[in-house]
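The file entry.cif contains mmCIF, C-alpha atoms:
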```
data_model
loop_
_atom_site.group_PDB
_atom_site.id
_atom_site.type_symbol
_atom_site.label_atom_id
_atom_site.label_comp_id
_atom_site.auth_asym_id
_atom_site.auth_seq_id
_atom_site.Cartn_x
_atom_site.Cartn_y
_atom_site.Cartn_z
ATOM 1 C CA MET A 2 -165.407 -42.902 65.039
ATOM 2 C CA PHE A 3 -163.164 -40.471 63.145
ATOM 3 C CA GLY A 4 -160.714 -40.437 66.058
ATOM 4 C CA HIS A 5 -160.229 -44.192 65.691
ATOM 5 C CA SER A 6 -159.762 -43.816 61.939
ATOM 6 C CA LEU A 7 -157.282 -40.995 62.491
ATOM 7 C CA LEU A 8 -155.267 -43.170 64.868
ATOM 8 C CA TYR A 9 -155.087 -46.020 62.376
ATOM 9 C CA LEU A 10 -154.380 -43.694 59.447
ATOM 10 C CA SER A 11 -151.539 -42.238 61.513
ATOM 11 C CA LEU A 12 -150.190 -45.720 62.213
ATOM 12 C CA ALA A 13 -150.437 -46.588 58.501
ATOM 13 C CA ALA A 14 -148.600 -43.364 57.644
ATOM 14 C CA LEU A 15 -145.930 -44.256 60.206
ATOM 15 C CA ALA A 16 -145.568 -47.656 58.503
ATOM 16 C CA GLY A 17 -145.111 -45.920 55.147
ATOM 17 C CA LEU A 18 -142.578 -43.499 56.573
ATOM 18 C CA THR A 19 -140.705 -46.340 58.239
ATOM 19 C CA MET A 20 -140.712 -48.399 55.030
ATOM 20 C CA ALA A 21 -139.191 -45.521 53.037
ATOM 21 C CA VAL A 22 -136.470 -44.978 55.643
ATOM 22 C CA GLN A 23 -135.794 -48.707 55.993
ATOM 23 C CA GLY A 24 -135.621 -49.154 52.225
ATOM 24 C CA SER A 25 -133.164 -46.291 51.931
ATOM 25 C CA ILE A 26 -130.969 -47.572 54.745
ATOM 26 C CA ASN A 27 -131.081 -51.138 53.397
ATOM 27 C CA SER A 28 -130.123 -50.019 49.882
ATOM 28 C CA VAL A 29 -127.071 -48.132 51.170
ATOM 29 C CA LEU A 30 -126.084 -51.022 53.433
ATOM 30 C CA GLY A 31 -126.552 -53.359 50.458
ATOM 31 C CA LYS A 32 -124.036 -51.344 48.443
ATOM 32 C CA LYS A 33 -121.529 -51.555 51.284
ATOM 33 C CA ILE A 34 -121.848 -55.203 52.390
ATOM 34 C CA GLY A 35 -123.973 -56.882 49.670
ATOM 35 C CA LEU A 36 -127.712 -57.394 49.179
ATOM 36 C CA VAL A 37 -127.940 -60.932 50.482
ATOM 37 C CA GLU A 38 -125.841 -60.001 53.497
ATOM 38 C CA THR A 39 -128.028 -56.952 54.143
ATOM 39 C CA THR A 40 -131.200 -59.024 53.900
ATOM 40 C CA LEU A 41 -129.735 -61.545 56.326
ATOM 41 C CA PHE A 42 -128.636 -58.836 58.772
ATOM 42 C CA VAL A 43 -132.043 -57.119 58.695
ATOM 43 C CA HIS A 44 -133.862 -60.353 59.441
ATOM 44 C CA LEU A 45 -131.370 -61.525 62.063
ATOM 45 C CA THR A 46 -131.744 -58.200 63.855
ATOM 46 C CA ALA A 47 -135.530 -58.518 63.757
ATOM 47 C CA THR A 48 -135.286 -62.100 64.988
ATOM 48 C CA VAL A 49 -133.123 -61.125 67.956
ATOM 49 C CA ILE A 50 -135.528 -58.329 68.905
ATOM 50 C CA LEU A 51 -138.533 -60.637 68.638
ATOM 51 C CA VAL A 52 -136.828 -63.407 70.623
ATOM 52 C CA ILE A 53 -136.218 -60.893 73.413
ATOM 53 C CA ILE A 54 -139.867 -59.781 73.294
ATOM 54 C CA LEU A 55 -141.081 -63.390 73.273
ATOM 55 C CA PHE A 56 -138.806 -64.231 76.192
ATOM 56 C CA PHE A 57 -140.595 -61.637 78.297
ATOM 57 C CA THR A 58 -144.118 -62.350 77.018
ATOM 58 C CA PHE A 59 -144.110 -66.081 76.145
ATOM 59 C CA ASN A 60 -147.517 -67.685 76.244
ATOM 60 C CA GLN A 61 -147.571 -71.486 76.680
ATOM 61 C CA GLY A 62 -150.708 -71.816 74.536
ATOM 62 C CA ILE A 63 -148.973 -70.342 71.516
ATOM 63 C CA LEU A 64 -147.516 -73.689 70.429
ATOM 64 C CA ASN A 65 -150.997 -75.207 70.122
ATOM 65 C CA LEU A 66 -152.208 -72.187 68.189
ATOM 66 C CA LEU A 67 -149.270 -72.428 65.779
ATOM 67 C CA ARG A 68 -150.341 -75.942 64.788
ATOM 68 C CA GLN A 69 -153.899 -74.890 63.977
ATOM 69 C CA VAL A 70 -153.351 -72.325 61.233
ATOM 70 C CA PRO A 71 -153.008 -72.960 57.480
ATOM 71 C CA TRP A 72 -149.417 -73.346 56.211
ATOM 72 C CA TYR A 73 -149.586 -70.327 53.877
ATOM 73 C CA LEU A 74 -150.024 -67.989 56.848
ATOM 74 C CA TYR A 75 -146.380 -68.710 57.704
ATOM 75 C CA LEU A 76 -145.094 -67.214 54.442
ATOM 76 C CA GLY A 77 -144.618 -63.781 56.024
ATOM 77 C CA GLY A 78 -140.941 -64.392 56.782
ATOM 78 C CA PHE A 79 -140.249 -65.513 53.220
ATOM 79 C CA LEU A 80 -142.164 -62.518 51.873
ATOM 80 C CA GLY A 81 -140.204 -60.247 54.220
ATOM 81 C CA VAL A 82 -136.969 -61.479 52.640
ATOM 82 C CA VAL A 83 -138.375 -60.824 49.150
ATOM 83 C CA ILE A 84 -139.493 -57.333 50.209
ATOM 84 C CA THR A 85 -136.188 -56.404 51.826
ATOM 85 C CA TYR A 86 -134.154 -57.704 48.901
ATOM 86 C CA THR A 87 -136.253 -56.138 46.125
ATOM 87 C CA VAL A 88 -136.515 -52.767 47.887
ATOM 88 C CA ALA A 89 -132.755 -52.703 48.409
ATOM 89 C CA ILE A 90 -132.244 -53.440 44.689
ATOM 90 C CA SER A 91 -134.815 -50.990 43.304
ATOM 91 C CA ILE A 92 -134.115 -47.856 45.362
ATOM 92 C CA PRO A 93 -130.532 -47.224 44.175
ATOM 93 C CA ARG A 94 -131.596 -47.670 40.554
ATOM 94 C CA LEU A 95 -134.860 -45.721 40.627
ATOM 95 C CA GLY A 96 -134.471 -43.357 43.567
ATOM 96 C CA VAL A 97 -136.433 -43.449 46.803
ATOM 97 C CA ALA A 98 -139.466 -41.519 45.527
ATOM 98 C CA VAL A 99 -139.979 -43.503 42.312
ATOM 99 C CA ALA A 100 -139.316 -46.885 43.914
ATOM 100 C CA THR A 101 -141.559 -46.126 46.884
ATOM 101 C CA THR A 102 -144.366 -44.869 44.638
ATOM 102 C CA ALA A 103 -144.107 -47.982 42.438
ATOM 103 C CA ILE A 104 -144.116 -50.156 45.553
ATOM 104 C CA ILE A 105 -147.187 -48.377 46.892
ATOM 105 C CA ALA A 106 -149.032 -48.596 43.549
ATOM 106 C CA ALA A 107 -148.397 -52.351 43.333
ATOM 107 C CA GLN A 108 -149.229 -52.750 47.015
ATOM 108 C CA VAL A 109 -152.556 -50.929 46.655
ATOM 109 C CA LEU A 110 -153.546 -52.897 43.536
ATOM 110 C CA THR A 111 -152.682 -56.182 45.250
ATOM 111 C CA ALA A 112 -154.493 -55.108 48.417
ATOM 112 C CA ALA A 113 -157.597 -54.210 46.398
ATOM 113 C CA ILE A 114 -157.584 -57.665 44.799
ATOM 114 C CA ILE A 115 -157.112 -59.334 48.202
ATOM 115 C CA ASP A 116 -159.964 -57.209 49.592
ATOM 116 C CA HIS A 117 -162.246 -57.952 46.647
ATOM 117 C CA PHE A 118 -161.908 -61.722 46.938
ATOM 118 C CA GLY A 119 -161.445 -61.855 50.709
ATOM 119 C CA PHE A 120 -158.262 -63.903 50.353
ATOM 120 C CA PHE A 121 -156.675 -65.449 53.465
ATOM 121 C CA GLY A 122 -159.974 -65.294 55.341
ATOM 122 C CA LEU A 123 -160.212 -61.497 55.290
ATOM 123 C CA GLU A 124 -163.542 -59.743 54.940
ATOM 124 C CA GLU A 125 -164.500 -59.011 51.340
ATOM 125 C CA ALA A 126 -164.499 -55.376 50.209
ATOM 126 C CA PRO A 127 -165.678 -55.186 46.591
ATOM 127 C CA PHE A 128 -163.435 -53.554 43.993
ATOM 128 C CA ASN A 129 -165.201 -50.722 42.198
ATOM 129 C CA TRP A 130 -164.414 -48.137 39.555
ATOM 130 C CA LEU A 131 -163.351 -45.532 42.142
ATOM 131 C CA LYS A 132 -160.729 -47.910 43.531
ATOM 132 C CA LEU A 133 -159.605 -48.663 39.976
ATOM 133 C CA LEU A 134 -159.317 -44.928 39.345
ATOM 134 C CA GLY A 135 -157.230 -44.545 42.509
ATOM 135 C CA VAL A 136 -154.832 -47.275 41.372
ATOM 136 C CA PHE A 137 -154.699 -45.662 37.927
ATOM 137 C CA PHE A 138 -153.695 -42.317 39.467
ATOM 138 C CA LEU A 139 -151.017 -44.031 41.542
ATOM 139 C CA ALA A 140 -149.634 -45.575 38.341
ATOM 140 C CA ILE A 141 -149.672 -42.135 36.703
ATOM 141 C CA GLY A 142 -147.777 -40.827 39.727
ATOM 142 C CA VAL A 143 -145.073 -43.434 39.188
ATOM 143 C CA ARG A 144 -144.788 -42.403 35.530
ATOM 144 C CA LEU A 145 -144.653 -38.685 36.414
ATOM 145 C CA LEU A 146 -141.927 -39.266 38.995
ATOM 146 C CA LEU A 147 -139.842 -41.113 36.388
ATOM 147 C CA GLY A 148 -139.681 -37.825 34.490
#
```
Encoding of this model in C-alpha coordinates:
Amino acid sequence: MFGHSLLYLSLAALAGLTMAVQGSINSVLGKKIGLVETTLFVHLTATVILVIILFFTFNQGILNLLRQVPWYLYLGGFLGVVITYTVAISIPRLGVAVATTAIIAAQVLTAAIIDHFGFFGLEEAPFNWLKLLGVFFLAIGVRLLLG
(Lines of atoms letter the chains of each structure in order from A and count residues from 1; the text may use other names and numbers.)
(Lines give C-alpha, C1' and ligand atoms only; values in the text may rest on other atoms or scores of the structure.)
Protein backbone atom coordinates (compact mmCIF):
# COMPACT_ATOMS: atom_id res chain seq x y z
CA MET A 1 0.00 0.00 0.00
CA PHE A 2 2.79 2.45 0.88
CA GLY A 3 4.48 1.74 -2.45
CA HIS A 4 1.37 2.94 -4.29
CA SER A 5 1.21 6.04 -2.09
CA LEU A 6 4.90 6.70 -2.69
CA LEU A 7 4.37 6.50 -6.45
CA TYR A 8 1.51 8.98 -6.35
CA LEU A 9 3.31 11.28 -3.91
CA SER A 10 6.26 11.24 -6.30
CA LEU A 11 3.98 12.11 -9.21
CA ALA A 12 2.42 14.94 -7.17
CA ALA A 13 5.90 16.21 -6.30
CA LEU A 14 6.83 16.07 -9.99
CA ALA A 15 3.72 18.15 -10.75
CA GLY A 16 4.81 20.71 -8.16
CA LEU A 17 8.34 20.81 -9.52
CA THR A 18 7.04 21.17 -13.06
CA MET A 19 4.64 23.96 -12.03
CA ALA A 20 7.47 25.96 -10.43
CA VAL A 21 9.67 25.57 -13.51
CA GLN A 22 6.80 26.34 -15.89
CA GLY A 23 5.79 29.40 -13.88
CA SER A 24 9.35 30.69 -13.92
CA ILE A 25 9.76 30.12 -17.65
CA ASN A 26 6.36 31.66 -18.41
CA SER A 27 7.11 34.76 -16.32
CA VAL A 28 10.39 35.37 -18.17
CA LEU A 29 8.75 34.73 -21.54
CA GLY A 30 5.95 37.10 -20.50
CA LYS A 31 8.48 39.87 -19.91
CA LYS A 32 9.97 39.30 -23.35
CA ILE A 33 6.86 38.86 -25.53
CA GLY A 34 3.92 39.88 -23.29
CA LEU A 35 1.67 38.01 -20.85
CA VAL A 36 -1.26 37.45 -23.16
CA GLU A 37 1.07 36.30 -25.92
CA THR A 38 2.84 33.95 -23.51
CA THR A 39 -0.46 32.49 -22.32
CA LEU A 40 -1.52 31.97 -25.92
CA PHE A 41 1.79 30.34 -26.86
CA VAL A 42 1.71 27.99 -23.85
CA HIS A 43 -1.79 26.82 -24.67
CA LEU A 44 -1.18 26.56 -28.41
CA THR A 45 1.87 24.41 -27.73
CA ALA A 46 -0.15 22.18 -25.42
CA THR A 47 -2.93 21.98 -28.01
CA VAL A 48 -0.53 20.90 -30.75
CA ILE A 49 0.97 18.21 -28.51
CA LEU A 50 -2.46 16.92 -27.52
CA VAL A 51 -3.71 16.92 -31.12
CA ILE A 52 -0.73 14.76 -32.05
CA ILE A 53 -1.45 12.39 -29.15
CA LEU A 54 -5.15 12.24 -30.05
CA PHE A 55 -4.29 11.57 -33.69
CA PHE A 56 -2.46 8.42 -32.64
CA THR A 57 -4.93 7.31 -29.95
CA PHE A 58 -8.34 8.60 -31.16
CA ASN A 59 -11.27 6.66 -29.81
CA GLN A 60 -14.52 6.91 -31.81
CA GLY A 61 -16.64 6.65 -28.65
CA ILE A 62 -15.13 9.80 -27.20
CA LEU A 63 -17.58 12.09 -29.02
CA ASN A 64 -20.55 10.40 -27.33
CA LEU A 65 -18.84 10.62 -23.96
CA LEU A 66 -18.15 14.34 -24.45
CA ARG A 67 -21.88 15.00 -24.79
CA GLN A 68 -22.75 13.23 -21.55
CA VAL A 69 -20.78 15.25 -19.00
CA PRO A 70 -21.88 18.44 -17.20
CA TRP A 71 -20.81 21.71 -18.87
CA TYR A 72 -18.70 22.89 -15.92
CA LEU A 73 -16.31 19.97 -16.39
CA TYR A 74 -15.11 21.70 -19.56
CA LEU A 75 -13.83 24.75 -17.66
CA GLY A 76 -10.33 23.28 -17.34
CA GLY A 77 -9.04 25.09 -20.43
CA PHE A 78 -10.36 28.43 -19.19
CA LEU A 79 -8.89 27.77 -15.75
CA GLY A 80 -5.58 26.83 -17.38
CA VAL A 81 -5.46 30.26 -19.03
CA VAL A 82 -6.19 31.94 -15.68
CA ILE A 83 -3.47 29.86 -13.99
CA THR A 84 -0.85 30.54 -16.65
CA TYR A 85 -1.59 34.25 -16.74
CA THR A 86 -1.71 34.81 -12.97
CA VAL A 87 1.43 32.75 -12.32
CA ALA A 88 3.30 34.68 -15.00
CA ILE A 89 2.20 37.97 -13.37
CA SER A 90 2.90 37.02 -9.74
CA ILE A 91 6.32 35.37 -9.99
CA PRO A 92 8.29 38.41 -11.24
CA ARG A 93 6.74 40.59 -8.54
CA LEU A 94 6.96 38.17 -5.60
CA GLY A 95 9.74 35.78 -6.56
CA VAL A 96 9.37 32.10 -7.36
CA ALA A 97 9.42 30.87 -3.75
CA VAL A 98 6.86 33.33 -2.37
CA ALA A 99 4.52 33.07 -5.35
CA THR A 100 4.71 29.28 -5.41
CA THR A 101 4.10 29.04 -1.66
CA ALA A 102 1.10 31.39 -1.92
CA ILE A 103 -0.21 29.36 -4.85
CA ILE A 104 0.18 26.13 -2.90
CA ALA A 105 -1.48 27.57 0.23
CA ALA A 106 -4.49 28.75 -1.79
CA GLN A 107 -4.53 25.48 -3.72
CA VAL A 108 -4.54 23.38 -0.54
CA LEU A 109 -7.29 25.47 1.10
CA THR A 110 -9.43 25.24 -2.04
CA ALA A 111 -8.73 21.51 -2.35
CA ALA A 112 -9.75 20.97 1.29
CA ILE A 113 -13.04 22.77 0.66
CA ILE A 114 -13.64 20.73 -2.52
CA ASP A 115 -12.84 17.54 -0.58
CA HIS A 116 -15.08 18.49 2.34
CA PHE A 117 -18.15 19.10 0.18
CA GLY A 118 -17.34 16.53 -2.50
CA PHE A 119 -17.74 19.12 -5.25
CA PHE A 120 -17.77 17.99 -8.90
CA GLY A 121 -18.80 14.47 -7.89
CA LEU A 122 -15.61 13.74 -5.94
CA GLU A 123 -15.68 11.64 -2.80
CA GLU A 124 -16.15 13.67 0.37
CA ALA A 125 -13.20 13.94 2.77
CA PRO A 126 -14.25 15.94 5.83
CA PHE A 127 -12.29 19.06 6.78
CA ASN A 128 -10.97 18.86 10.33
CA TRP A 129 -8.86 20.95 12.66
CA LEU A 130 -5.63 19.21 11.61
CA LYS A 131 -6.24 20.17 7.98
CA LEU A 132 -7.04 23.72 9.11
CA LEU A 133 -3.78 23.77 11.06
CA GLY A 134 -1.90 22.59 7.96
CA VAL A 135 -3.39 25.40 5.87
CA PHE A 136 -2.57 27.85 8.66
CA PHE A 137 1.08 26.75 8.64
CA LEU A 138 1.21 27.12 4.86
CA ALA A 139 -0.10 30.68 5.24
CA ILE A 140 2.57 31.34 7.88
CA GLY A 141 5.14 30.00 5.42
CA VAL A 142 4.00 32.53 2.82
CA ARG A 143 4.35 35.33 5.38
CA LEU A 144 7.81 34.13 6.48
CA LEU A 145 9.03 33.95 2.89
CA LEU A 146 7.89 37.55 2.32
CA GLY A 147 10.47 38.56 4.92
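Residue nearest Leu134 (chain A) within the list A:Leu41, A:Thr101, A:Gly148, A:Val109: A:Val109 [criterion: smallest interatomic distance, all atoms listed in the file].
Using all atoms listed in the file, the residues found no farther than 12 Å from Leu110 (chain A), other than those of its own chain fewer than 2 positions away, are A:Ala103, A:Ile104, A:Ile105, A:Ala106, A:Ala107, A:Gln108, A:Ala112, A:Ala113, A:Ile114, A:Ile115, A:Asp116, A:His117, A:Phe128, A:Asn129, A:Lys132, A:Leu133, A:Leu134, A:Gly135, A:Val136, A:Phe137, A:Phe138, A:Leu139, A:Ala140.
CA of Ala89 (chain A) sits 5.5 Å away from CA of Asn27 (chain A).
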Kindly list the centre and edge lengths in Å, rounded to one decimal, for the axis-aligned box that covers all listed atoms of region 60-69 of chain A plus 3 Å on each of its six sides, as AutoDock Vina command-line options.
```
--center_x -150.7 --center_y -71.8 --center_z 70.3 --size_x 12.4 --size_y 14.3 --size_z 18.7
```
